[in-house]
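Chemist: If it helps, the file is called start19.cif and holds mmCIF, C-alpha atoms and all ligand atoms:
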data_target
#
loop_
_atom_site.label_atom_id
_atom_site.label_comp_id
_atom_site.auth_asym_id
_atom_site.auth_seq_id
_atom_site.Cartn_x
_atom_site.Cartn_y
_atom_site.Cartn_z
CA MET X 826 -10.80 17.57 7.14
CA SER X 827 -12.96 14.52 7.22
CA ARG X 828 -12.64 10.85 8.01
CA LEU X 829 -13.92 8.30 5.51
CA GLU X 830 -14.97 4.78 6.42
CA LEU X 831 -15.98 2.10 3.94
CA ARG X 832 -17.58 -0.97 5.48
CA GLY X 833 -18.16 -4.06 3.37
CA ILE X 834 -18.94 -2.19 0.14
CA VAL X 835 -20.39 -4.36 -2.62
CA ARG X 836 -21.20 -3.05 -6.11
CA ARG X 837 -22.35 -5.51 -8.76
CA TYR X 838 -22.80 -5.06 -12.50
CA GLY X 839 -24.95 -8.04 -13.46
CA THR X 840 -22.97 -11.07 -12.34
CA VAL X 841 -19.68 -9.12 -11.98
CA ALA X 842 -18.91 -7.92 -8.45
CA ALA X 843 -16.76 -4.86 -9.25
CA LEU X 844 -16.51 -4.30 -5.46
CA ASP X 845 -16.78 -7.44 -3.38
CA GLY X 846 -16.71 -6.30 0.24
CA VAL X 847 -14.35 -3.32 0.48
CA ASP X 848 -13.27 -2.24 3.97
CA LEU X 849 -11.13 0.89 4.18
CA THR X 850 -10.62 3.77 6.61
CA VAL X 851 -9.03 7.03 5.46
CA PRO X 852 -8.09 9.09 8.53
CA SER X 853 -8.81 12.80 8.51
CA GLY X 854 -6.20 14.94 6.75
CA THR X 855 -4.39 12.01 5.11
CA LEU X 856 -4.02 10.70 1.58
CA THR X 857 -4.62 7.02 0.76
CA ALA X 858 -3.50 5.66 -2.60
CA VAL X 859 -5.65 2.86 -3.98
CA LEU X 860 -3.34 0.77 -6.10
CA GLY X 861 -4.37 -2.16 -8.24
CA PRO X 862 -4.33 -3.67 -11.73
CA SER X 863 -6.72 -2.65 -14.48
CA GLY X 864 -10.28 -3.79 -13.83
CA CYS X 865 -9.87 -4.42 -10.08
CA GLY X 866 -12.54 -1.84 -9.22
CA LYS X 867 -10.64 1.37 -8.44
CA THR X 868 -12.81 3.74 -10.47
CA THR X 869 -15.98 2.03 -9.28
CA LEU X 870 -14.82 2.62 -5.71
CA LEU X 871 -14.34 6.36 -6.33
CA ARG X 872 -17.68 6.62 -8.09
CA CYS X 873 -19.44 4.93 -5.15
CA VAL X 874 -17.74 7.25 -2.64
CA ALA X 875 -18.69 10.30 -4.72
CA GLY X 876 -22.27 9.07 -5.01
CA PHE X 877 -22.40 8.55 -8.79
CA GLU X 878 -22.98 4.84 -8.24
CA ARG X 879 -25.30 3.17 -5.75
CA ILE X 880 -23.91 0.39 -3.61
CA ASP X 881 -25.53 -3.04 -3.28
CA ALA X 882 -24.33 -3.67 0.28
CA GLY X 883 -22.23 -2.07 2.99
CA GLU X 884 -21.94 1.48 4.28
CA ILE X 885 -20.02 4.62 3.33
CA VAL X 886 -19.54 6.90 6.32
CA VAL X 887 -18.09 10.43 6.20
CA ASP X 888 -17.40 12.00 9.59
CA GLY X 889 -19.75 9.57 11.30
CA GLN X 890 -22.60 10.29 8.85
CA VAL X 891 -23.82 7.44 6.66
CA VAL X 892 -23.91 8.81 3.09
CA ALA X 893 -24.62 5.43 1.48
CA GLY X 894 -26.06 2.29 3.04
CA PRO X 895 -29.01 -0.03 3.03
CA THR X 896 -31.44 2.82 3.58
CA ALA X 897 -29.41 5.90 2.58
CA HIS X 898 -28.07 7.38 -0.64
CA THR X 899 -27.01 11.00 -0.33
CA PRO X 900 -26.85 12.44 -3.89
CA PRO X 901 -23.40 13.51 -5.17
CA GLN X 902 -24.10 17.25 -4.98
CA ARG X 903 -24.84 16.94 -1.24
CA ARG X 904 -21.74 14.91 -0.32
CA GLN X 905 -19.13 17.69 -0.48
CA ILE X 906 -16.85 15.26 -2.29
CA VAL X 907 -14.97 16.27 -5.45
CA ILE X 908 -13.30 14.15 -8.12
CA VAL X 909 -10.26 15.32 -10.11
CA PRO X 910 -10.28 13.26 -13.31
CA GLN X 911 -7.35 12.31 -15.56
CA GLU X 912 -7.61 15.36 -17.83
CA GLY X 913 -9.98 17.73 -19.54
CA ALA X 914 -11.66 18.86 -16.37
CA LEU X 915 -11.57 22.61 -17.04
CA PHE X 916 -14.24 24.73 -18.71
CA PRO X 917 -12.39 25.95 -21.85
CA HIS X 918 -14.36 29.20 -22.15
CA LEU X 919 -13.73 30.33 -18.56
CA SER X 920 -10.55 31.95 -17.26
CA VAL X 921 -8.42 30.14 -14.68
CA ARG X 922 -9.91 32.40 -11.98
CA ASP X 923 -13.49 31.58 -13.02
CA ASN X 924 -12.71 27.88 -13.27
CA VAL X 925 -11.35 27.84 -9.73
CA GLY X 926 -14.19 30.01 -8.40
CA TYR X 927 -16.90 27.99 -10.16
CA GLY X 928 -18.30 26.25 -7.09
CA LEU X 929 -17.62 29.06 -4.60
CA SER X 930 -20.09 31.39 -2.96
CA ARG X 931 -19.69 35.12 -3.54
CA ALA X 932 -18.56 35.53 0.06
CA GLU X 933 -15.78 32.96 -0.36
CA ARG X 934 -14.65 34.62 -3.58
CA ARG X 935 -14.52 37.96 -1.77
CA ARG X 936 -12.48 36.42 1.02
CA GLY X 937 -9.81 35.59 -1.54
CA ARG X 938 -10.22 31.81 -1.64
CA ILE X 939 -9.50 31.70 -5.41
CA ASP X 940 -6.04 33.25 -5.01
CA GLU X 941 -5.41 31.09 -1.97
CA ALA X 942 -6.25 27.91 -3.91
CA LEU X 943 -4.08 29.01 -6.85
CA SER X 944 -1.13 29.67 -4.50
CA LEU X 945 -1.60 26.21 -2.95
CA VAL X 946 -0.85 24.63 -6.35
CA GLY X 947 1.94 27.09 -7.24
CA LEU X 948 -0.07 29.15 -9.75
CA ALA X 949 -0.38 32.52 -7.99
CA GLY X 950 -0.81 35.22 -10.62
CA TYR X 951 -2.18 32.93 -13.36
CA GLY X 952 -5.87 33.76 -12.72
CA GLU X 953 -6.46 35.82 -15.88
CA ARG X 954 -5.16 33.19 -18.30
CA MET X 955 -7.44 30.96 -20.34
CA PRO X 956 -6.99 27.15 -20.07
CA HIS X 957 -5.57 26.88 -23.63
CA GLN X 958 -2.76 29.27 -22.58
CA MET X 959 -1.60 26.78 -19.94
CA SER X 960 0.49 23.61 -20.32
CA GLY X 961 -1.04 20.19 -19.58
CA GLY X 962 0.63 20.12 -16.16
CA GLN X 963 -0.58 23.63 -15.32
CA GLN X 964 -4.11 22.69 -16.35
CA GLN X 965 -4.04 19.74 -13.94
CA ARG X 966 -2.86 22.10 -11.20
CA VAL X 967 -5.84 24.35 -11.93
CA ALA X 968 -8.12 21.31 -11.71
CA VAL X 969 -6.66 20.51 -8.29
CA ALA X 970 -7.04 24.16 -7.17
CA ARG X 971 -10.68 24.10 -8.29
CA ALA X 972 -11.25 20.90 -6.32
CA LEU X 973 -9.60 22.29 -3.16
CA ALA X 974 -11.25 25.75 -3.36
CA PRO X 975 -14.60 24.89 -1.73
CA ARG X 976 -12.80 22.93 1.04
CA PRO X 977 -14.54 19.64 0.26
CA SER X 978 -14.91 16.87 2.84
CA LEU X 979 -12.95 14.62 0.54
CA ILE X 980 -10.95 14.98 -2.64
CA LEU X 981 -10.80 11.98 -4.97
CA LEU X 982 -7.97 11.94 -7.50
CA ASP X 983 -8.58 9.49 -10.38
CA GLU X 984 -5.17 8.93 -12.02
CA PRO X 985 -4.78 12.72 -12.24
CA PHE X 986 -1.22 12.64 -13.56
CA SER X 987 -1.45 9.80 -16.07
CA ALA X 988 -1.54 12.01 -19.16
CA LEU X 989 1.74 13.76 -18.22
CA ASP X 990 5.31 12.79 -18.95
CA ALA X 991 7.47 11.21 -16.22
CA GLY X 992 9.36 14.32 -15.03
CA LEU X 993 6.27 16.51 -14.86
CA ARG X 994 4.33 13.74 -13.13
CA ALA X 995 6.88 13.52 -10.33
CA GLU X 996 6.92 17.30 -9.84
CA LEU X 997 3.15 17.63 -9.94
CA ARG X 998 2.44 14.78 -7.54
CA HIS X 999 4.90 16.27 -5.07
CA ASP X 1000 3.26 19.69 -5.35
CA VAL X 1001 -0.26 18.31 -5.16
CA ARG X 1002 0.69 16.34 -2.06
CA SER X 1003 2.03 19.54 -0.47
CA ALA X 1004 -1.12 21.45 -1.45
CA LEU X 1005 -3.36 18.79 0.13
CA ARG X 1006 -1.24 18.82 3.30
CA ALA X 1007 -1.27 22.61 3.51
CA ASP X 1008 -5.06 22.55 3.21
CA ARG X 1009 -5.30 19.55 5.59
CA ALA X 1010 -7.48 17.83 2.99
CA THR X 1011 -8.46 14.16 3.15
CA GLY X 1012 -8.01 12.36 -0.12
CA ILE X 1013 -7.95 9.16 -2.13
CA LEU X 1014 -5.58 8.84 -5.06
CA VAL X 1015 -6.35 6.09 -7.56
CA THR X 1016 -3.38 4.88 -9.52
CA HIS X 1017 -1.88 1.78 -11.05
CA ASP X 1018 1.60 3.30 -10.78
CA GLN X 1019 3.26 1.74 -7.72
CA GLY X 1020 6.04 4.35 -7.64
CA GLU X 1021 3.43 7.09 -7.51
CA ALA X 1022 1.57 5.37 -4.68
CA LEU X 1023 4.74 4.70 -2.65
CA SER X 1024 6.10 8.23 -2.98
CA THR X 1025 2.90 10.24 -2.60
CA ALA X 1026 0.54 8.63 -0.13
CA ASP X 1027 0.41 8.29 3.66
CA GLN X 1028 -1.31 4.93 3.30
CA ILE X 1029 -1.56 2.44 0.47
CA ALA X 1030 -4.56 0.21 -0.13
CA VAL X 1031 -3.76 -2.60 -2.55
CA MET X 1032 -6.80 -3.82 -4.43
CA ARG X 1033 -7.37 -7.07 -6.30
CA GLU X 1034 -10.61 -8.31 -7.83
CA GLY X 1035 -12.86 -5.96 -5.89
CA VAL X 1036 -11.24 -6.44 -2.47
CA ILE X 1037 -8.58 -4.52 -0.52
CA VAL X 1038 -5.94 -7.18 0.10
CA GLN X 1039 -3.57 -5.02 2.14
CA HIS X 1040 -3.69 -1.55 3.69
CA GLY X 1041 -0.80 0.15 5.43
CA SER X 1042 2.00 2.68 5.18
CA PRO X 1043 4.13 2.61 2.01
CA THR X 1044 7.07 1.17 3.95
CA SER X 1045 5.05 -1.58 5.61
CA VAL X 1046 3.40 -2.67 2.34
CA TYR X 1047 6.76 -2.69 0.55
CA ARG X 1048 8.69 -4.41 3.35
CA ARG X 1049 5.97 -6.74 4.61
CA PRO X 1050 3.68 -7.52 1.67
CA ALA X 1051 0.77 -9.78 2.62
CA ASP X 1052 1.52 -12.34 -0.08
CA ALA X 1053 3.66 -13.01 -3.15
CA TRP X 1054 1.13 -11.28 -5.43
CA VAL X 1055 1.30 -8.02 -3.43
CA ALA X 1056 5.09 -8.33 -3.36
CA THR X 1057 5.29 -8.42 -7.16
CA PHE X 1058 2.66 -5.72 -7.59
CA VAL X 1059 4.22 -3.25 -5.15
CA GLY X 1060 7.84 -3.07 -6.20
CA ASP X 1061 10.06 -5.54 -8.02
CA ALA X 1062 10.33 -8.96 -6.44
CA ILE X 1063 12.59 -11.97 -6.72
CA LEU X 1064 10.62 -15.07 -5.73
CA LEU X 1065 12.66 -18.17 -4.96
CA PRO X 1066 11.50 -21.67 -4.12
CA ALA X 1067 12.74 -23.11 -0.81
CA GLN X 1068 11.89 -25.88 1.55
CA ALA X 1069 10.97 -25.51 5.24
CA GLU X 1070 12.59 -28.26 7.29
CA PRO X 1071 11.21 -29.45 10.63
CA GLY X 1072 14.51 -28.39 12.21
CA HIS X 1073 13.97 -24.69 11.37
CA ARG X 1074 13.28 -23.34 14.82
CA ASP X 1075 15.51 -20.26 14.74
CA ASP X 1076 14.06 -16.84 14.07
CA PRO X 1077 15.23 -15.68 11.62
CA ALA X 1078 15.65 -19.11 10.04
CA VAL X 1079 18.26 -19.51 7.33
CA LEU X 1080 16.84 -21.12 4.18
CA SER X 1081 18.76 -22.54 1.22
CA THR X 1082 17.80 -20.92 -2.08
CA ALA X 1083 19.26 -20.64 -5.57
CA LEU X 1084 20.72 -17.29 -4.41
CA GLY X 1085 22.43 -18.94 -1.46
CA PRO X 1086 21.37 -18.75 2.19
CA VAL X 1087 18.55 -16.28 2.97
CA ALA X 1088 17.58 -15.31 6.51
CA VAL X 1089 13.80 -15.27 6.92
CA ALA X 1090 12.00 -13.86 9.93
CA GLY X 1091 8.61 -15.20 11.04
CA LEU X 1092 8.80 -18.44 9.06
CA PRO X 1093 5.43 -20.21 8.77
CA SER X 1094 5.41 -23.25 11.06
CA GLY X 1095 5.68 -26.84 9.82
CA HIS X 1096 7.57 -28.14 6.82
CA GLY X 1097 6.85 -28.00 3.11
CA ALA X 1098 7.36 -25.86 0.02
CA LEU X 1099 7.88 -22.12 0.49
CA THR X 1100 8.18 -19.06 -1.73
CA VAL X 1101 10.91 -16.70 -0.52
CA LEU X 1102 10.82 -12.99 -1.35
CA VAL X 1103 13.99 -10.99 -1.85
CA ARG X 1104 14.00 -7.44 -3.25
CA PRO X 1105 16.44 -6.71 -6.13
CA GLU X 1106 18.33 -4.14 -4.02
CA GLN X 1107 19.16 -6.89 -1.50
CA VAL X 1108 21.28 -8.81 -4.01
CA ARG X 1109 24.98 -8.01 -3.77
CA ILE X 1110 27.12 -8.68 -6.82
CA THR X 1111 30.86 -9.12 -6.55
CA ALA X 1112 33.43 -9.38 -9.34
CA PRO X 1113 35.63 -11.28 -8.86
CA PRO X 1114 33.24 -13.45 -6.81
CA ALA X 1115 33.51 -13.02 -3.02
CA PRO X 1116 34.22 -16.19 -1.03
CA GLN X 1117 31.01 -18.10 -0.19
CA ALA X 1118 29.02 -16.23 -2.85
CA VAL X 1119 26.98 -18.22 -5.37
CA ILE X 1120 28.76 -18.13 -8.73
CA ALA X 1121 26.61 -16.65 -11.51
CA THR X 1122 27.00 -15.33 -15.04
CA VAL X 1123 25.94 -11.84 -16.17
CA THR X 1124 23.33 -12.00 -18.95
CA GLY X 1125 22.22 -8.35 -19.04
CA ASP X 1126 23.01 -4.89 -17.66
CA ASP X 1127 20.51 -2.03 -17.89
CA PHE X 1128 22.06 1.30 -16.97
CA HIS X 1129 19.59 3.74 -15.34
CA GLY X 1130 21.90 6.60 -14.37
CA HIS X 1131 21.57 6.43 -10.57
CA ASP X 1132 21.51 2.63 -10.53
CA ALA X 1133 21.75 -0.39 -12.80
CA LEU X 1134 19.69 -3.54 -13.18
CA VAL X 1135 22.03 -6.47 -13.64
CA THR X 1136 20.55 -9.82 -14.69
CA VAL X 1137 22.49 -12.98 -13.87
CA ARG X 1138 22.03 -16.68 -14.58
CA LEU X 1139 22.29 -18.82 -11.45
CA PRO X 1140 23.78 -22.33 -11.38
CA ASP X 1141 20.28 -23.88 -11.54
CA GLY X 1142 19.60 -21.96 -14.78
CA THR X 1143 17.17 -19.38 -13.33
CA HIS X 1144 17.68 -15.68 -14.02
CA VAL X 1145 17.41 -13.00 -11.35
CA THR X 1146 17.78 -9.24 -11.64
CA ALA X 1147 19.68 -7.25 -9.02
CA ARG X 1148 19.51 -3.48 -8.52
CA ILE X 1149 22.95 -2.09 -7.72
CA PRO X 1150 24.50 1.39 -7.61
CA ALA X 1151 25.54 2.08 -11.21
CA PRO X 1152 29.09 0.77 -11.71
CA ALA X 1153 31.63 2.94 -13.57
CA ASP X 1154 31.68 0.42 -16.42
CA PRO X 1155 28.78 -1.79 -17.44
CA MET X 1156 29.09 -5.46 -16.52
CA ALA X 1157 29.80 -7.33 -19.75
CA THR X 1158 27.58 -10.25 -20.66
CA GLY X 1159 29.32 -13.49 -19.72
CA THR X 1160 31.23 -12.00 -16.74
CA ARG X 1161 31.58 -14.45 -13.86
CA VAL X 1162 30.32 -12.83 -10.64
CA GLY X 1163 29.36 -13.75 -7.10
CA VAL X 1164 25.84 -13.15 -5.78
CA GLN X 1165 24.71 -12.96 -2.14
CA VAL X 1166 21.57 -11.82 -0.37
CA GLU X 1167 21.86 -9.09 2.25
CA GLY X 1168 19.31 -8.48 5.01
CA THR X 1169 16.26 -10.65 5.62
CA GLY X 1170 13.66 -12.02 3.24
CA LEU X 1171 10.05 -13.08 3.70
CA ALA X 1172 8.52 -16.47 3.03
CA TRP X 1173 5.04 -17.82 2.35
CA ARG X 1174 3.87 -21.39 2.24
CA VAL X 1175 3.09 -22.61 -1.29
CA PRO X 1176 -0.57 -23.68 -1.27
CA GLU X 1177 -1.12 -27.44 -1.71
CA PRO X 1178 -2.66 -28.20 -5.11
CA ALA X 1179 -6.40 -28.90 -4.83
CA GLU X 1180 -7.25 -32.64 -4.95
N1 LIG A 1201 -20.96 0.38 -15.99
C1 LIG A 1201 -20.46 -0.86 -15.95
N2 LIG A 1201 -21.16 -1.90 -16.41
C2 LIG A 1201 -20.69 -3.17 -16.35
N3 LIG A 1201 -19.48 -3.49 -15.83
C3 LIG A 1201 -18.72 -2.49 -15.36
C4 LIG A 1201 -19.15 -1.13 -15.40
N4 LIG A 1201 -18.18 -0.34 -14.85
C5 LIG A 1201 -17.18 -1.20 -14.49
N5 LIG A 1201 -17.50 -2.47 -14.79
C6 LIG A 1201 -16.68 -3.67 -14.53
O1 LIG A 1201 -16.30 -3.63 -13.15
C7 LIG A 1201 -14.95 -4.02 -12.99
C8 LIG A 1201 -14.13 -2.90 -12.33
O2 LIG A 1201 -14.05 -1.79 -13.22
P1 LIG A 1201 -13.29 -0.42 -12.82
O3 LIG A 1201 -13.45 0.54 -13.96
O4 LIG A 1201 -13.78 0.02 -11.50
O5 LIG A 1201 -11.79 -0.92 -12.72
P2 LIG A 1201 -10.44 -0.06 -12.57
O6 LIG A 1201 -9.65 -0.74 -11.52
O7 LIG A 1201 -10.77 1.37 -12.38
O8 LIG A 1201 -9.77 -0.30 -13.99
P3 LIG A 1201 -8.76 0.67 -14.84
O9 LIG A 1201 -7.48 0.75 -14.05
O10 LIG A 1201 -8.60 -0.08 -16.13
O11 LIG A 1201 -9.47 1.99 -15.00
C9 LIG A 1201 -14.47 -4.42 -14.37
O12 LIG A 1201 -14.63 -5.81 -14.52
C10 LIG A 1201 -15.39 -3.66 -15.30
O13 LIG A 1201 -15.50 -4.33 -16.54
#
Show me, as structure tokens, the structure contained in the file I just sent.
Ligand SMILES: Nc1ncnc2c1ncn2[C@@H]1O[C@H](COP(=O)(O)OP(=O)(O)OP(=O)(O)O)[C@@H](O)[C@H]1O
Modeler:
Amino acid sequence: MSRLELRGIVRRYGTVAALDGVDLTVPSGTLTAVLGPSGCGKTTLLRCVAGFERIDAGEIVVDGQVVAGPTAHTPPQRRQIVIVPQEGALFPHLSVRDNVGYGLSRAERRRGRIDEALSLVGLAGYGERMPHQMSGGQQQRVAVARALAPRPSLILLDEPFSALDAGLRAELRHDVRSALRADRATGILVTHDQGEALSTADQIAVMREGVIVQHGSPTSVYRRPADAWVATFVGDAILLPAQAEPGHRDDPAVLSTALGPVAVAGLPSGHGALTVLVRPEQVRITAPPAPQAVIATVTGDDFHGHDALVTVRLPDGTHVTARIPAPADPMATGTRVGVQVEGTGLAWRVPEPAE
């Protein structure tokens, strides 16, 4: 169990700042998912924490000890930090047992740490198999067991489930999360899959262009995204234009949008153009249209088993997609429905165009 602190980390490649002042704290025994689009610096961040890359500015502190900074660079083998890569991490010529025991002392092997690590990932009894006798998902479990076995200060997971199909991914991330918790390990999970980040991590750090733009619990990042970009990156978002009037003093204020009235808490002060965020599950669809609902026309219905994504055209011509519990019959294209927003939305001021 270790606490990780990143303070103002900068890592440049020529003129590109892959990391441009990253601040992040990962409390002991917790898992933080670093979520961001391709090229935002996620892998560079892991490589700096592990010690494979030197940093140009800032400090990396593990349990109060500076492992990288202006005058320090502890080499990777002395950081007690392990990385679990996407795939192909196992030695093909070694048994599962020998793979897991690779970095362990003889004493730890004797104390039964290999079997303990295999049980943590649900593979008790698989020690004598060779990697090629295991499925892709089982091989990733072995890789996680091998990483956990020496009880590292930190475990860094670099998109470890990305090569697996959807069902196996969900099962494995759940089991890996349980294994990390059982071992009270501190970890960072890098992913660009927002569902994975929301369902697996204790904290989410959203990264954009080499900076952490928001850090918080999955619920806080989903419910109170820092800006419209985070809102669309973490979850599906409906963004609607609205206008703040000087008379809006209530909290929540009720704004007029193409989806009808939307209650917004914590409205920015002053008047001007706003962007209002509503999540697709907040849109209620009624057929026949409920009184006071905005009248819309169904243009698409995607059935997903547990729910359905229904796209409608609003009177102003814009299309929005609602997530509703799957109806018994699909909503036919052209059906006239009513749409209303439930709960509260969020709003941000639209930046003035530069002169
Ligand atoms: N060795 C390198 N030399 C030069 N530029 C690099 C190097 N490694 C990374 N970069 C650049 O740094 C930026 C961040 O790259 P990084 O691989 O960390 O992103 P990422 O978020 O992990 O992307 P992905 O999700 O696609 O793996 C990119 O602009 C990339 O081109």
Chemist: Please extract the residues at most 8 Å from ligand LIG 1201 (chain A), counting only C-alpha atoms and all ligand atoms, and provide them as a ChimeraX atom specification, using the chain letters and residue numbers of this document.
Modeler: /X:837-839,841-844,861-870,1016-1017,1034-1035
Chemist: Between atom CA of His957 of chain X and atom CA of Gly928 of chain X, what is the spacing in Å?
Modeler: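 Result for atom CA of Gly928 of chain X versus atom CA of His957 of chain X: 20.9 Å, one decimal.
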Chemist: Using only C-alpha atoms, can you tell me which of X:Val1101, X:Val1087, X:Leu856, X:Ala1053 comes closest to Thr1025 of chain X?
Modeler: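 Checking each candidate against Thr1025 of chain X, we get X:Leu856 as the closest.
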Chemist: What is the atom CA of Ile1063 of chain X to atom CA of Thr1146 of chain X distance in Å?
Modeler: 7.7 Å
Chemist: I'd like the neighbourhood of segment 874-886 of chain X as a list in words, where a residue qualifies if any of its atoms comes within 7 Å (using only C-alpha atoms), though same-chain residues fewer than 3 positions away should be ignored.
Modeler: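 The residues satisfying every condition are Leu829, Glu830, Leu831, Arg832, Gly833, Ile834, Val835, Arg836, Arg837, Leu870, Leu871, Gly889, Gln890, Val891, Val892, Ala893, Gly894, Pro895, Thr899, Pro900, Pro901 and Ile906 of chain X.
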Chemist: Go ahead and compute the interatomic distance for atom CA of Pro917 of chain X and atom CA of Arg931 of chain X, in Å to one decimal.
Modeler: 21.7 Å
Chemist: Point out the residue among X:Glu1106, X:Asp940, X:Glu933, X:Asp1000 with the least atom-to-atom distance to Gly1168 of chain X, counting all atoms listed in the file.
Modeler: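 Using all atoms listed in the file, the shortest distance to Gly1168 of chain X belongs to X:Glu1106.
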Chemist: For Val1166 of chain X, find every residue with an atom within 8 Å (counting all atoms listed in the file), except residues of its own chain fewer than 2 positions away, and show them as a ChimeraX atom specification.
Modeler: /X:1084-1087,1103,1107-1109,1164,1168
Chemist: Show me as a PyMOL selection string the residues that reach within 6 Å of (-8.9, 18.9, -16.2), counting all atoms listed in the file and using the file's own coordinates.
Modeler: chain X and resi 912-915+965+968
Chemist: For Gly1142 of chain X, which residue out of X:Leu982, X:Gly1125, X:Pro1176, X:Ala1083 is the nearest one, using only C-alpha atoms?
Modeler: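 Counting only C-alpha atoms, the residue closest to Gly1142 of chain X is X:Ala1083.
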Chemist: List the spatial neighbours of Leu948 of chain X as a PDB file with C-alpha atoms, in the frame of the given file - criterion: any atom at most 10 Å away, only C-alpha atoms, same-chain residues fewer than 2 positions off excluded.
Modeler:
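Writing the result to result31.pdb gives the following:
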ATOM      1  CA  VAL X 921      -8.420  30.140 -14.680  1.00  0.00           C
ATOM      2  CA  ASP X 940      -6.040  33.250  -5.010  1.00  0.00           C
ATOM      3  CA  GLU X 941      -5.410  31.090  -1.970  1.00  0.00           C
ATOM      4  CA  ALA X 942      -6.250  27.910  -3.910  1.00  0.00           C
ATOM      5  CA  LEU X 943      -4.080  29.010  -6.850  1.00  0.00           C
ATOM      6  CA  SER X 944      -1.130  29.670  -4.500  1.00  0.00           C
ATOM      7  CA  LEU X 945      -1.600  26.210  -2.950  1.00  0.00           C
ATOM      8  CA  VAL X 946      -0.850  24.630  -6.350  1.00  0.00           C
ATOM      9  CA  GLY X 950      -0.810  35.220 -10.620  1.00  0.00           C
ATOM     10  CA  TYR X 951      -2.180  32.930 -13.360  1.00  0.00           C
ATOM     11  CA  GLY X 952      -5.870  33.760 -12.720  1.00  0.00           C
ATOM     12  CA  GLN X 963      -0.580  23.630 -15.320  1.00  0.00           C
ATOM     13  CA  ARG X 966      -2.860  22.100 -11.200  1.00  0.00           C
ATOM     14  CA  VAL X 967      -5.840  24.350 -11.930  1.00  0.00           C
ATOM     15  CA  ALA X 970      -7.040  24.160  -7.170  1.00  0.00           C
TER      16      ALA X 970
END
Chemist: At a cut-off of 10 Å, using only C-alpha atoms, what residues contact segment 1009-1012 of chain X? Leave out same-chain residues fewer than 2 positions from it and give the result as an NGL selection string.
Modeler: :X and (826-829 or 851-858 or 906-908 or 973 or 976-982 or 1002-1007 or 1014-1015 or 1026)
Chemist: Considering all atoms listed in the file, state which residue in the set X:His898, X:Arg971, X:His1131, X:Arg935 is at the smallest distance from Asp923 of chain X.
Modeler: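 Answer, going by the shortest atom-to-atom distance: X:Arg971.
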Chemist: For a quick check of understanding, using only C-alpha atoms, which of X:Gly947, X:Gly846, X:Gly1130, X:Gly1170 has the smallest distance to Val1079 of chain X?
Modeler: X:Gly1170
Chemist: Could you check the closest approach to Ala974 of chain X for each of X:Leu1023, X:Ile1013, X:Val925, X:Val1055 and tell me which residue wins, using all atoms listed in the file?
Modeler: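 The answer is X:Val925, which sits nearest to Ala974 of chain X.
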Chemist: With a distance cut-off of 12 Å and all atoms listed in the file, select the neighbouring residues of Thr1044 of chain X, excluding the residue or stretch itself and same-chain residues fewer than 3 positions from it, and output the selection as a PyMOL selection string.
Modeler: chain X and resi 1022-1029+1040-1041+1047-1050+1059-1060
Chemist: How would you write as a CSV table (one decimal) with C-alpha atoms, in the coordinates of the input the residues that get within 9 Å of (30.6, -12.4, -13.8) in the file's frame, counting only C-alpha atoms?
Modeler:
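The result, stored in point-v8.csv:
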chain,number,residue,atom,x,y,z
X,1110,ILE,CA,27.1,-8.7,-6.8
X,1111,THR,CA,30.9,-9.1,-6.6
X,1112,ALA,CA,33.4,-9.4,-9.3
X,1113,PRO,CA,35.6,-11.3,-8.9
X,1114,PRO,CA,33.2,-13.4,-6.8
X,1120,ILE,CA,28.8,-18.1,-8.7
X,1121,ALA,CA,26.6,-16.6,-11.5
X,1122,THR,CA,27.0,-15.3,-15.0
X,1123,VAL,CA,25.9,-11.8,-16.2
X,1124,THR,CA,23.3,-12.0,-19.0
X,1137,VAL,CA,22.5,-13.0,-13.9
X,1156,MET,CA,29.1,-5.5,-16.5
X,1157,ALA,CA,29.8,-7.3,-19.8
X,1158,THR,CA,27.6,-10.2,-20.7
X,1159,GLY,CA,29.3,-13.5,-19.7
X,1160,THR,CA,31.2,-12.0,-16.7
X,1161,ARG,CA,31.6,-14.4,-13.9
X,1162,VAL,CA,30.3,-12.8,-10.6
X,1163,GLY,CA,29.4,-13.8,-7.1
Chemist: Output as a compact mmCIF listing (two decimals), in the frame of the given file: segment 939-945 of chain X, completed with N, CA and C atoms.
Modeler:
# COMPACT_ATOMS: atom_id res chain seq x y z
N ILE X 939 -10.01 32.09 -4.09
CA ILE X 939 -9.50 31.70 -5.41
C ILE X 939 -7.98 31.86 -5.43
N ASP X 940 -7.50 33.03 -4.99
CA ASP X 940 -6.04 33.25 -5.01
C ASP X 940 -5.34 32.29 -4.06
N GLU X 941 -5.99 32.02 -2.93
CA GLU X 941 -5.41 31.09 -1.97
C GLU X 941 -5.25 29.70 -2.59
N ALA X 942 -6.30 29.24 -3.29
CA ALA X 942 -6.25 27.91 -3.91
C ALA X 942 -5.19 27.88 -5.02
N LEU X 943 -5.10 28.97 -5.79
CA LEU X 943 -4.08 29.01 -6.85
C LEU X 943 -2.67 29.00 -6.25
N SER X 944 -2.47 29.69 -5.13
CA SER X 944 -1.13 29.67 -4.50
C SER X 944 -0.82 28.27 -3.99
N LEU X 945 -1.83 27.56 -3.47
CA LEU X 945 -1.60 26.21 -2.95
C LEU X 945 -0.97 25.30 -4.02
